[in-house]
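See structure below.
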Protein chains: 4
Amino acid sequence: MASISTRKKKILNDPVYGFITIPSDFIFDLIEHPWFQRLRRICQLGLSSMVYSGAIHTRFQHTLGAMHLMAKSIDVLRSKGVAIADDEAEGLICAILLHDIGHGPFSHTLEHSLVTGIHHEDVSDILMHKLNIEFNGRLQLAIDIFNDVYPRRFLHQLVSSQLDMDRMDYLRRDTFFTGVSEGHIGSERIIKMLAVQDDRLVVEAKGIYSIEKFIIARRLMYWQVYLHKTVLAAEFMLMQALRRAVFLTQQGHELFASPALSVFLKGNYNREDFIARTDLIEAFAALDDFDVLGAIKVWQQYPDTVLQKLCLGLVNRRLFKIVLQSEPIGAAIKKQKEEELLGLQGIDKDNLSYFLLEGSVDNRAYHIGEDKIGILYKDGTVRDLPEAADLIDFKAISREIKKYYLAFYH
Amino acid sequence: MASISTRKKKILNDPVYGFITIPSDFIFDLIEHPWFQRLRRICQLGLSSMVYSGAIHTRFQHTLGAMHLMAKSIDVLRSKGVAIADDEAEGLICAILLHDIGHGPFSHTLEHSLVTGIHHEDVSDILMHKLNIEFNGRLQLAIDIFNDVYPRRFLHQLVSSQLDMDRMDYLRRDTFFTGVSEGHIGSERIIKMLAVQDDRLVVEAKGIYSIEKFIIARRLMYWQVYLHKTVLAAEFMLMQALRRAVFLTQQGHELFASPALSVFLKGNYNREDFIARTDLIEAFAALDDFDVLGAIKVWQQYPDTVLQKLCLGLVNRRLFKIVLQSEPIGAAIKKQKEEELLGLQGIDKDNLSYFLLEGSVDNRAYHIGEDKIGILYKDGTVRDLPEAADLIDFKAISREIKKYYLAFYH
Amino acid sequence: MASISTRKKKILNDPVYGFITIPSDFIFDLIEHPWFQRLRRICQLGLSSMVYSGAIHTRFQHTLGAMHLMAKSIDVLRSKGVAIADDEAEGLICAILLHDIGHGPFSHTLEHSLVTGIHHEDVSDILMHKLNIEFNGRLQLAIDIFNDVYPRRFLHQLVSSQLDMDRMDYLRRDTFFTGVSEGHIGSERIIKMLAVQDDRLVVEAKGIYSIEKFIIARRLMYWQVYLHKTVLAAEFMLMQALRRAVFLTQQGHELFASPALSVFLKGNYNREDFIARTDLIEAFAALDDFDVLGAIKVWQQYPDTVLQKLCLGLVNRRLFKIVLQSEPIGAAIKKQKEEELLGLQGIDKDNLSYFLLEGSVDNRAYHIGEDKIGILYKDGTVRDLPEAADLIDFKAISREIKKYYLAFYH
Amino acid sequence: MASISTRKKKILNDPVYGFITIPSDFIFDLIEHPWFQRLRRICQLGLSSMVYSGAIHTRFQHTLGAMHLMAKSIDVLRSKGVAIADDEAEGLICAILLHDIGHGPFSHTLEHSLVTGIHHEDVSDILMHKLNIEFNGRLQLAIDIFNDVYPRRFLHQLVSSQLDMDRMDYLRRDTFFTGVSEGHIGSERIIKMLAVQDDRLVVEAKGIYSIEKFIIARRLMYWQVYLHKTVLAAEFMLMQALRRAVFLTQQGHELFASPALSVFLKGNYNREDFIARTDLIEAFAALDDFDVLGAIKVWQQYPDTVLQKLCLGLVNRRLFKIVLQSEPIGAAIKKQKEEELLGLQGIDKDNLSYFLLEGSVDNRAYHIGEDKIGILYKDGTVRDLPEAADLIDFKAISREIKKYYLAFYH
């Protein structure tokens with residue numbers, strides 16, 4: 001009976017798309033799961049709100065947005081005669097909902113400081129399997145699609161590829177909340193142009209300009225938002241604060257920390273530990289922005305100069321300065337900064353590495369050679385994007401851009 | 001020299017208005033103050049994101065938005081020949097920036113649970129005076145405008161009245177982030193129509209429909225967002241959790257808490273205490289959403305049935321159910337719910353009040369009789385809105401709407 | 001075969017909704033019909049662009065927008081278990097597409113000057129029947145729905161009622177193109193809340209605030225746009241220019257006119273004439289803004305003082321002045337204006353009526369008593385909006401607002 | 001007295017920017033001039049509405065939008081210490097208002113059919129000088145800026161360059177009305193980043209991504225909108241219809257035409273004629289979309305097969321088919337189409353050229369070598385965009401894209 005089966009059919013307000021419909025009771029239950037609700041407490045863009053104060057949207061919102069676009073894509077493909085069975089459709093919805101389930105707070109930062117023994121992909125893998133058991137195997141098809149072992153491979157491409165619903169949502173959403181209009185993409189138009197040819201997700205030729213724009217927008221967002229120098233500075237600072245907290249804890253200090261955070265301050269664990277010990281995965285699944293930033297706030301007062309300096313800087317937005325440039329950092333400037341820092345109270349050779357960081361970041365807008373975007377012409381032929389594009393020179397655009405940084409306390 | 005005086009003239013991206021300009025170094029320094037930066041960590045709408053997942057915008061964003069509108073209003077009024085001296089303009093900017101400085105996290109909830117001895121207005125007052133000393137008296141004019149003791153009274157009305165920049169921003173911003181288009185107002189148009197007549201802030205007659213729309217929008221937002229039944233349920237649940245935590249602490253329990261939160265779990269303080277003890281105001285000014293929700297998360301495991309039930313519900317979004325109606329709650333239904341609750345494990349007569357709440361909420365869209373909105377006609381006459389409006393019956397609209405609720409654990 | 005049956009399945013860009021899909025070949029052919037394409041050349045808001053320069057959107061765009069919303073509504077209702085057969089769905093789409101087919105350019109103005117013998121509803125009726133014959137009877141169901149003789153009456157309500165797709169689109173669209181944000185409605189939300197109970201179109205109770213907002217928005221748009229005093233002035237001026245052109249033509253003057261316009265300058269025809277004479281309906285169906293304004297432009301030079309004055313005013317935006325007020329126009333002011341006008345070169349007692357107009361306009365936001373909007377509660381009961389609304393006093397809002405005008409050349 | 005000097009200070013609603021302020025009485029009078037009001041009746045994008053039905057915005061709206069952005073730019077530059085005197089500011093406002101004054105309806109189409117003896121730039125020149133006389137020389141400075149003979153050359157760049165207010169508005173506005181989100185640019189951000197260095201208009205380095213996006217957006221809009229194949233087809237058809245009408249008229253036929261259109265059907269005039277004969281420039285200044293499309297509608301019935309076919313096609317949207325490709329059109333396909341056409345009733349060798357067109361269109365997104373965009377770094381150095389850009393390969397992007405077409409009746 002309709003009224004029972006849609007008992008939990010909910011409509012959510014979403015500032016980006018207007019409304020998002022939750023398609024079934026089962027999906028509703030999955031979203032209600034504590035591991036999924038945890039994403040409400042994890043900002044999509046980490047510390048980007050230090051620069052773009054509106055960018056505090058969460059992974060929860062993003063994931064629901066990607067689900068919404070997935071439902072639209074399924075409708076579009078079906079209307080073009082692509083057969084997608086109901087269980088495949090549910091698999092797609094679940095797979096995209098779960099794609100970020102393994103992310104911790106400030107994900108990349110944590111992987112370089114607090115939880116270095118395991119990648120978020122592995123955590124995802126473990127959590128998905130546990131959820132699958134909890135939901136009596138109903139997530140198996142989603143997991144197969146996610147891991148690209150399901151025979152119909154275009155389904156995986158909807159979840160993870162250069163045209164996946166993850167990107168379609170995050171570019172739209174990040175643009176919306178940062179207010180950086182340069183990143184705006186016509187995700188609705190691209191989705192209307194999706195098609196499947198020879199089990200491959202492709203885009204109809206008349207959508208080619210939208211795709212070219214999408215590639216450019218992604219590149220611009222990388223440098224204007226995701227790798228913005230001040231955002232990098234904040235992340236580096238957080239990374240060092242957590243590294244120091246781990247160091248101090250393992251030296252015997254008793255730092256303020258939630259129980260979940262405490263687990264990871266005290267020990268480092270690898271993939272096998274996470275598989276073997278239920279308490280570890282549960283501790284991880286309890287971590288969110290509140291544990292991390294809540295501790296950083298308290299550590300401002302902790303009697304360790306290094307930790308205190310870093311936490312005071314983070315909380316009060318006196319962030320590292322950063323040089324970000326196309327050429328490698330010269331030895332002279334590095335030397336000069338070292339000397340300046342060593343002249344500051346509380347900084348010495350032993351702890352200098354917390355205050356001076358060197359490295360590089362890079363991004364490529366379009367990956368030639370792997371996972372090509374196919375453009376479908378009216379005669380049924382498919383050409384790869386770099387050959388098909390007539391406005392953008394994709395050889396130029398797919399060139400990796402690498403920048404070198406020197407970040408330092410001041 | 002221009003380049004020095006505007007050294008810190010910053011342009012911020014804002015998703016609502018596009019760009020916000022920080023007008024001077026002094027204002028920049030004020031915004032950089034830790035007490036102001038704290039507003040980055042306080043959600044404007046508290047727990048509304050339980051219903052509207054996009055509504056996680058902060059008091060920081062709102063306050064900068066209100067500053068932006070204030071700058072626009074000053075421009076508009078000056079262009080109409082209203083003299084506003086530079087120090088008055090700075091006073092207006094500072095006054096609107098500081099208007100929310102005394103708010104704690106989940107402000108109204110906390111005032112009914114954790115910090116019951118003092119109102120946020122009093123905290124504002126104390127913080128403003130301390131800031132004024134810190135900034136060598138430069139905030140005095142702002143404080144005078146804020147407290148309505150400055151002779152030119154229309155300046156105060158820009159900061160606090162039925163047409164103030166606070167409302168102009170929060171309706172726009174709350175609408176934007178919730179996605180509830182019903183609340184959308186033409187704040188830009190209203191500001192263009194502002195004028196001053198006989199030291200009173202008025203609106204030109206051709207803007208009257210915008211004002212009528214603004215009043216209606218505010219009323220709709222109250223019931224659709226601010227007093228949404230699920231939002232109320234979440235707030236009541238948080239209120240009871242904090243009340244329980246205070247009770248347990250004062251019974252000798254040692255609950256997990258940040259140092260700042262700990263201060264208020266241990267004792268209740270009144271206005272005089274806050275004035276006399278610097279440590280209290282500093283503890284208050286350190287409190288934000290991270291202290292409160294960070295603790296709630298940990299308390300899910302605390303071995304007290306009451307606290308545990310409430311915190312588990314809040315974190316995992318199993319909120320109180322709530323009946324919200326125009327008529328008072330009948331005794332029968334209350335009796336019935338009491339009996340149901342007493343049948344649950346861990347609930348008894350002594351702790352029932354944590355799980356069953358009764359009361360009323362109300363709002364009025366337009367307050368007749370106090371602080372009237374004046375409409376300015378071309379012949380120079382001013383009529384009060386209720387008489388001037390020709391579309392909306394303001395006697396009807398200004399009628400208070402009161403709803404009665406019964407909220408209960410289930 | 002899918003590729004054949006969707007040969008003409010087109011996606012159109014629409015600035016309001018993003019994309020509009022044309023659902024089938026048949027609908028595509030209907031839209032391609034010259035009588036429908038003619039709507040591309042008829043502005044939705046007539047002379048409103050004299051005040052709102054962006055408001056030059058056409059009846060063509062509006063009608064496609066209403067079709068788009070109709071398709072959404074059908075989807076929503078079907079997803080709630082309301083059975084709508086495929087031919088009924090096509091009937092709904094056709095009915096809404098055809099709802100404006102009988103409108104001429106500057107519709108209401110023409111009915112008071114050039115084509116006074118027949119209403120646009122009658123023209124619609126005649127055109128629909130001719131189209132039905134041309135399309136071999138496939139429009140019969142649409143016509144039955146349109147005329148409310150189809151048994152399932154909620155279908156008619158989707159086409160024509162206080163909640164119809166016509167209004168849902170025009171409020172959104174007129175708001176978009178005028179830039180008058182006061183009229184913005186959440187049409188998407190309202191549509192999501194539509195339901196059918198006892199063969200009646202109703203709105204789920206949780207959408208009640210959206211409905212209240214919709215009613216208010218419509219009222220505001222009436223007075224801010226549709227009955228804006230300068231728009232009225234322009235329309236009155238056009239009405240008099242056409243009235244004068246008819247008068248002159250029937251006196252034997254040879255005025256510049258397209259063949260279609262010429263037909264109506266030379267004679268006035270009633271409903272029976274239109275039914276009997278194919279040439280009349282074809283002339284009418286050839287009329288658009290280009291015939292009318294193209295002639296007005298040329299008539300600026302015609303050697304008749306009355307026609308010249310009126311056309312010069314219209315083209316160069318020196319419009320009638322207008323007094324618009326809640327009280328009837330006083331005899332004194334009318335007398336005074338008469339005297340002023342009679343003092344102008346070329347104006348005398350005989351032609352004064354072209355330069356001085358008196359009358360009244362009115363609107364009601366919600367019509368109590370006829371075609372009530374029903375609100376559906378969770379328990380299955382339906383209450384009419386005036387009783388259900390708790391924020392707006394609908395007795396006040398449904399009161400007719402009438403304004404009196406005196407418009408005059410100057 | 002303020003109330004007198006701002007007597008005509010008007011605020012206009014604009015759907016793109018919200019509100020546009022007319023800065024002074026003088027500017028108001030200029031806008032009220034019939035030659036300027038004429039732009040209300042000329043669509044900015046000509047026949048693009050055949051594809052993008054929302055794209056019926058006018059040159060009037062565009063010009064006011066560009067004026068609005070010019071006022072913003074003046075504010076921004078002054079706030080950065082660039083001295084712009086009041087008369088220079090008025091000159092800028094007038095120059096941008098007048099930049100399109102010489103455009104006729106369907107401008108490029110007409111220059112290839114009806115009015116081939118003179119360019120719209122020359123018409124502009126003549127009209128500006130006549131207006132300058134009418135306004136007692138007050139437009140002289142605007143004309144000097146426009147013609148780039150005023151010493152401060154950055155003023156000219158605001159009016160006409162790769163960063164001018166014309167482009168800033170038309171990309172925003174065309175994107176808005178077509179609904180093609182690919183063209184969206186952050187014009188507000190770019191304007192905030194404008195600066196002047198060594199009398200040259202430059203962009204601050206932190207705005208570089210916005211500029212790169214702007215260049216790309218312009219390129220995409222060219223091919224997705226301005227040179228869209230169906231738009232080209234419609235323009236070619238109109239061009240041929242007008243060419244035929246001229247031919248017929250000069251053969252002695254009496255075609256329906258407004259007096260102004262009639263002038264240009266009867267004779268072709270060159271620049272000298274326009275300067276010498278006031279009646280010619282007045283006829284040109286009376287031409288708008290209504291003259292041209294009004295005639296096309298009537299000519300559908302004219303007993304000349306060629307004219308009839310072309311006009312029926314235009315009015316009823318049965319446009320030329322068009323092949324548009326990167327390679328030159330092959331002789332074989334051209335031959336084949338010729339034969340097909342000659343087989344149609346009414347088409348023969350003599351009139352074939354009206355039904356089969358061949359040629360090429362091109363665009364370049366960024367012009368290297370002329371009028372470079374300068375990027376200003378914090379150290380005061382300026383680098384040209386192609387060298388400064390780090391995301392886009394500007395050598396690739398500035399490459400001309402040329403496409404060959406074959407358009408034909410069918």
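As shown in the structure tokens, the chain order sets the letters A, B, ...; within each chain, residues go from 1, and ligands are also counted from 1 in the order they appear.
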
For range 95-103 of chain B: contacts at 6 Å, only C-alpha atoms, fewer than 5 positions along chain excluded, given as a PyMOL selection string: chain B and resi 63+120+123-124+142+146+159

What would the file look like if the residues just selected were written as an mmCIF file, in the first residue's frame with N, CA and C atoms?
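See again.cif below for the written result:
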data_model
loop_
_atom_site.group_PDB
_atom_site.id
_atom_site.type_symbol
_atom_site.label_atom_id
_atom_site.label_comp_id
_atom_site.auth_asym_id
_atom_site.auth_seq_id
_atom_site.Cartn_x
_atom_site.Cartn_y
_atom_site.Cartn_z
ATOM 1 N N THR B 63 26.473 38.909 11.431
ATOM 2 C CA THR B 63 26.876 40.225 11.908
ATOM 3 C C THR B 63 27.596 40.998 10.814
ATOM 4 N N HIS B 120 21.459 37.757 28.003
ATOM 5 C CA HIS B 120 22.533 38.063 27.054
ATOM 6 C C HIS B 120 22.684 39.570 26.860
ATOM 7 N N VAL B 123 25.212 40.570 29.335
ATOM 8 C CA VAL B 123 26.548 40.139 28.919
ATOM 9 C C VAL B 123 27.078 41.075 27.842
ATOM 10 N N SER B 124 26.234 41.394 26.865
ATOM 11 C CA SER B 124 26.622 42.360 25.831
ATOM 12 C C SER B 124 27.133 43.640 26.462
ATOM 13 N N ALA B 142 29.375 54.249 19.685
ATOM 14 C CA ALA B 142 28.617 53.045 19.327
ATOM 15 C C ALA B 142 27.749 52.584 20.491
ATOM 16 N N PHE B 146 23.773 52.372 20.646
ATOM 17 C CA PHE B 146 23.179 51.081 20.975
ATOM 18 C C PHE B 146 22.180 51.217 22.123
ATOM 19 N N VAL B 159 19.985 50.495 14.272
ATOM 20 C CA VAL B 159 20.611 49.374 14.988
ATOM 21 C C VAL B 159 19.567 48.471 15.634
#

8 Å contacts from chain B to chain D using only C-alpha atoms, as a VMD selection string: chain B and resid 2 18 to 19 80 to 81 188 to 189

Residue contacts of Leu141 in chain A (8 Å, only C-alpha atoms) excluding same-chain residues fewer than 2 positions away, as a VMD selection string: chain A and resid 87 to 88 91 138 to 139 143 to 145 150

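Selecting strand (DSSP E) from the backbone DSSP output for range 1-241 of chain D yields Ile11, Leu12, Asn13, Asp14, Gly18, Phe19, Ile20, Thr21, Leu194, Ala195, Val196, Gln197, Arg200, Leu201, Val202, Val203 and Glu204 of chain D.
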